[in-house]
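J.: For reference, the structure I am asking about is given below.
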Number of protein chains: 2
Amino acid sequence: MEQDIIDLITKRVREELVREFLIPVEVSARHVHLSKEHICELFGYEYELAKKKDLSQPGQFQYNERVMLIGPKGVLGGVAVLGPPRYKTQVEITRTDAFALGIDPPVRDSGDLGKSGTLFIAYDKSIVKGEESVIIAKRHIHMTKKDSQRFNVHDKQVVSVKIYGQRPLIFEDVLVRVSDSYALRMHIDFDEANASGSTDGTVCTIYEASAED
Amino acid sequence: MEQDIIDLITKRVREELVREFLIPVEVSARHVHLSKEHICELFGYEYELAKKKDLSQPGQFQYNERVMLIGPKGVLGGVAVLGPPRYKTQVEITRTDAFALGIDPPVRDSGDLGKSGTLFIAYDKSIVKGEESVIIAKRHIHMTKKDSQRFNVHDKQVVSVKIYGQRPLIFEDVLVRVSDSYALRMHIDFDEANASGSTDGTVCTIYEASAED
């Protein structure tokens, strides 16, 4: 066969595989979701945060402004602020970041902030206390109802996920989150990305669903 | 049964399990193996490095002295120096460290330094160039010949390893290294430790041996 025909067929097979079986991996950098109160305290009551770009999950976006995280042992500057505002401020960092800051936050699902970590958030000359705001986000997959039927899993199911990165591994204990407001993505943090040799564009598959289902 | 008898039996079962099936996980912090030439250039020809402590692998130890790694985008201070000296200087860091330093070293087995990363190593006012010296160490298991018979694997075999950390996962592509000069340990770096919620004391099992064997 001609090389260009082989290339074309290979490309189409790949596209088909991606559409039918593979889940794109997205690496979440450290970031902050701010409450309206904290936005007012940090930026002033008149200030309007400027949207920088939309994120892969519909309705989610990043602001232009960046903040600094302050812990008892260190600071991390240039941290992304994501919108829209949340009811309660939530800071998502890696274990590596936690060591640098000198705090010991739990590995948690988004929104589960009881007894989570505490640090200070600064912008320019303003500073607020993020009391019980800090988690290491538990790895998870966002998908639509239609995706969930295709993968034969359901909302809140725990699955194992095989990552096809440079350092291949299988993440166990991965939460499936189903909503038609989601886009199909496996979300991991930078520690997990580095351990699996993943970058944006790496793909994964659901390897095993939990036995209790 | 009396509680103390239950506790005793539980303890003995655990000890048996550890002895028969489980492999201790050891997290390697960033470190440097220096060549004799680099030791002379950094510390002076008269200077004797002082041994701080023995490591788990027989014959391997850490010196008291610590060095600084200097890359194009950043520095990392207080880096451990391990002995005995090597024929060629080898620097082992994480992907996270590599970002901070501004270099892009490969994931490699120890000793495989062709086209590896380059950075500068400093101590006090001395500095040497570690040309093709930097790798991200590929995860691996050290074991004795007797261990290898028990686990039914051989030297250089590639296996999958299940980690019983706080964020459970299965590392694929793990190299088995067999020598009677080794002690049984699974070695991972801090990115891998953080991604799996492992600390020293975490255990793992060989989950699957490679198909080609």
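Identifiers in this document derive from the order of the structure tokens: chains are assigned A, B, ..., residues are numbered from 1 separately in each chain, and ligands are numbered from 1 in order of occurrence.
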Hey, list the chain B side of the contact with chain A: 10 Å cut-off, only C-alpha atoms, answer as a PDB file with C-alpha atoms, in the first residue's frame.

T.:
```pdb
ATOM      1  CA  THR B  94      12.418  13.902  40.138  1.00  0.00           C
ATOM      2  CA  ARG B  95      10.513  15.388  37.206  1.00  0.00           C
ATOM      3  CA  THR B  96       9.351  18.069  39.667  1.00  0.00           C
ATOM      4  CA  VAL B 107      13.818   8.363  32.897  1.00  0.00           C
ATOM      5  CA  LYS B 138      13.419   4.357  36.771  1.00  0.00           C
ATOM      6  CA  ARG B 139      11.551   2.606  39.564  1.00  0.00           C
ATOM      7  CA  SER B 160       3.952  -4.686  37.707  1.00  0.00           C
ATOM      8  CA  VAL B 161       3.911  -3.723  41.360  1.00  0.00           C
ATOM      9  CA  LYS B 162       0.865  -2.981  43.484  1.00  0.00           C
ATOM     10  CA  ILE B 163       1.507  -0.284  46.086  1.00  0.00           C
ATOM     11  CA  GLN B 166      -2.925   5.986  50.755  1.00  0.00           C
ATOM     12  CA  ARG B 167      -3.560   6.496  47.018  1.00  0.00           C
ATOM     13  CA  PRO B 168      -3.298   2.883  45.807  1.00  0.00           C
ATOM     14  CA  LEU B 169      -1.967   2.182  42.344  1.00  0.00           C
ATOM     15  CA  ILE B 170      -0.118  -0.370  40.263  1.00  0.00           C
ATOM     16  CA  PHE B 171       3.236   0.676  38.815  1.00  0.00           C
ATOM     17  CA  GLU B 172       3.884  -1.056  35.498  1.00  0.00           C
ATOM     18  CA  ASP B 173       7.305  -1.280  33.890  1.00  0.00           C
ATOM     19  CA  VAL B 174       9.238  -1.964  37.100  1.00  0.00           C
ATOM     20  CA  ILE B 188      10.547   4.939  43.963  1.00  0.00           C
ATOM     21  CA  ASP B 189      11.115   8.694  43.807  1.00  0.00           C
ATOM     22  CA  PHE B 190       9.140  11.440  45.559  1.00  0.00           C
ATOM     23  CA  ASP B 191       6.820  12.090  42.599  1.00  0.00           C
ATOM     24  CA  GLU B 192       5.894   8.406  42.663  1.00  0.00           C
ATOM     25  CA  ALA B 193       5.650   8.398  46.467  1.00  0.00           C
ATOM     26  CA  ASN B 194       3.336  11.407  46.454  1.00  0.00           C
ATOM     27  CA  ALA B 195       1.182   9.997  43.667  1.00  0.00           C
ATOM     28  CA  SER B 196       0.744   6.725  45.563  1.00  0.00           C
ATOM     29  CA  GLY B 197       0.584   8.201  49.067  1.00  0.00           C
TER      30      GLY B 197
END
```

J.: Could you list, as a PDB file with C-alpha atoms, in the first residue's frame, every residue within 12 Å of Phe43 (chain A), counting only C-alpha atoms and ignoring same-chain residues fewer than 2 positions away?

T.:
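part_18.pdb was written with the following content:
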```
ATOM      1  CA  LEU A  34     -12.358  31.729  45.766  1.00  0.00           C
ATOM      2  CA  SER A  35     -15.565  32.574  47.599  1.00  0.00           C
ATOM      3  CA  LYS A  36     -17.216  35.910  46.764  1.00  0.00           C
ATOM      4  CA  GLU A  37     -16.246  37.195  50.222  1.00  0.00           C
ATOM      5  CA  HIS A  38     -12.581  36.335  49.671  1.00  0.00           C
ATOM      6  CA  ILE A  39     -12.650  37.918  46.187  1.00  0.00           C
ATOM      7  CA  CYS A  40     -13.946  41.139  47.724  1.00  0.00           C
ATOM      8  CA  GLU A  41     -11.367  41.077  50.542  1.00  0.00           C
ATOM      9  CA  TYR A  45     -15.333  45.478  46.413  1.00  0.00           C
ATOM     10  CA  GLU A  46     -15.248  47.449  43.149  1.00  0.00           C
ATOM     11  CA  TYR A  47     -12.767  45.205  41.320  1.00  0.00           C
ATOM     12  CA  GLU A  48     -13.899  42.927  38.476  1.00  0.00           C
ATOM     13  CA  LEU A  49     -11.749  39.844  37.895  1.00  0.00           C
ATOM     14  CA  ALA A  50     -10.937  39.369  34.208  1.00  0.00           C
ATOM     15  CA  GLU A  65      -5.230  37.343  38.249  1.00  0.00           C
ATOM     16  CA  ARG A  66      -2.900  35.067  40.185  1.00  0.00           C
ATOM     17  CA  VAL A  67      -2.476  34.804  43.959  1.00  0.00           C
ATOM     18  CA  ILE A 121      -3.963  33.603  50.347  1.00  0.00           C
ATOM     19  CA  ALA A 122      -2.431  36.905  49.286  1.00  0.00           C
ATOM     20  CA  TYR A 123      -2.850  39.335  46.385  1.00  0.00           C
ATOM     21  CA  ASP A 124      -0.861  42.545  46.306  1.00  0.00           C
ATOM     22  CA  LYS A 125      -1.167  43.911  49.861  1.00  0.00           C
ATOM     23  CA  SER A 126      -4.303  41.985  50.824  1.00  0.00           C
ATOM     24  CA  ILE A 127      -4.365  38.688  52.628  1.00  0.00           C
ATOM     25  CA  VAL A 128      -7.151  36.310  53.687  1.00  0.00           C
TER      26      VAL A 128
END
```

J.: Which of region 74-174 of chain A counts as strand (DSSP E or B) under DSSP, as a VMD selection string please?

T.: chain A and resid 75 to 86 90 to 92 107 to 108 117 to 123 126 to 137 140 to 143 158 to 163 169 to 174

J.: Excluding Asp104 (chain B) and residues on its chain fewer than 6 positions from it, collect all residues at most 12 Å away from it, counting only C-alpha atoms, and give them as a PyMOL selection string.

T.: chain B and resi 71-73+93-98+115-119+132-136

J.: Dump N, CA and C atoms for the selected residues as an mmCIF file, in the first residue's frame?

T.:
```cif
data_model
loop_
_atom_site.group_PDB
_atom_site.id
_atom_site.type_symbol
_atom_site.label_atom_id
_atom_site.label_comp_id
_atom_site.auth_asym_id
_atom_site.auth_seq_id
_atom_site.Cartn_x
_atom_site.Cartn_y
_atom_site.Cartn_z
ATOM 1 N N GLY B 71 20.803 24.591 37.777
ATOM 2 C CA GLY B 71 20.310 24.442 36.408
ATOM 3 C C GLY B 71 20.074 25.803 35.787
ATOM 4 N N PRO B 72 19.674 25.829 34.520
ATOM 5 C CA PRO B 72 19.469 27.121 33.837
ATOM 6 C C PRO B 72 18.328 27.951 34.427
ATOM 7 N N LYS B 73 17.378 27.306 35.122
ATOM 8 C CA LYS B 73 16.225 28.074 35.630
ATOM 9 C C LYS B 73 16.115 28.100 37.141
ATOM 10 N N ILE B 93 17.196 12.908 40.234
ATOM 11 C CA ILE B 93 16.193 13.886 40.663
ATOM 12 C C ILE B 93 14.810 13.452 40.188
ATOM 13 N N THR B 94 13.783 14.173 40.612
ATOM 14 C CA THR B 94 12.418 13.902 40.138
ATOM 15 C C THR B 94 12.097 14.812 38.950
ATOM 16 N N ARG B 95 10.996 14.510 38.289
ATOM 17 C CA ARG B 95 10.513 15.388 37.206
ATOM 18 C C ARG B 95 10.192 16.780 37.779
ATOM 19 N N THR B 96 9.648 16.793 38.993
ATOM 20 C CA THR B 96 9.351 18.069 39.667
ATOM 21 C C THR B 96 10.632 18.888 39.824
ATOM 22 N N ASP B 97 11.699 18.249 40.299
ATOM 23 C CA ASP B 97 12.995 18.927 40.428
ATOM 24 C C ASP B 97 13.472 19.437 39.067
ATOM 25 N N ALA B 98 13.294 18.599 38.041
ATOM 26 C CA ALA B 98 13.766 18.949 36.698
ATOM 27 C C ALA B 98 13.094 20.234 36.204
ATOM 28 N N LYS B 115 23.562 10.597 26.750
ATOM 29 C CA LYS B 115 22.586 11.646 26.425
ATOM 30 C C LYS B 115 21.627 11.945 27.581
ATOM 31 N N SER B 116 22.109 11.808 28.811
ATOM 32 C CA SER B 116 21.291 12.202 29.960
ATOM 33 C C SER B 116 21.465 13.711 30.193
ATOM 34 N N GLY B 117 20.885 14.221 31.281
ATOM 35 C CA GLY B 117 20.875 15.664 31.519
ATOM 36 C C GLY B 117 22.200 16.204 32.042
ATOM 37 N N THR B 118 22.366 17.515 31.871
ATOM 38 C CA THR B 118 23.590 18.183 32.311
ATOM 39 C C THR B 118 23.236 19.322 33.266
ATOM 40 N N LEU B 119 23.968 19.446 34.380
ATOM 41 C CA LEU B 119 23.834 20.607 35.263
ATOM 42 C C LEU B 119 25.139 20.813 36.010
ATOM 43 N N GLU B 132 26.171 15.233 31.051
ATOM 44 C CA GLU B 132 25.447 13.951 30.888
ATOM 45 C C GLU B 132 25.509 13.117 32.176
ATOM 46 N N SER B 133 24.958 13.680 33.227
ATOM 47 C CA SER B 133 25.000 13.031 34.542
ATOM 48 C C SER B 133 23.632 12.879 35.188
ATOM 49 N N VAL B 134 22.604 13.528 34.630
ATOM 50 C CA VAL B 134 21.326 13.640 35.345
ATOM 51 C C VAL B 134 20.260 12.709 34.769
ATOM 52 N N ILE B 135 19.686 11.890 35.646
ATOM 53 C CA ILE B 135 18.566 11.037 35.241
ATOM 54 C C ILE B 135 17.430 11.155 36.261
ATOM 55 N N ILE B 136 16.234 10.783 35.801
ATOM 56 C CA ILE B 136 15.129 10.491 36.700
ATOM 57 C C ILE B 136 15.159 8.974 36.830
#
```

J.: So which residues of chain B fall under alpha helix (DSSP H) by DSSP, listed as a PyMOL selection string?

T.: chain B and resi 3-20+36-43+95-101+145-151+190-196
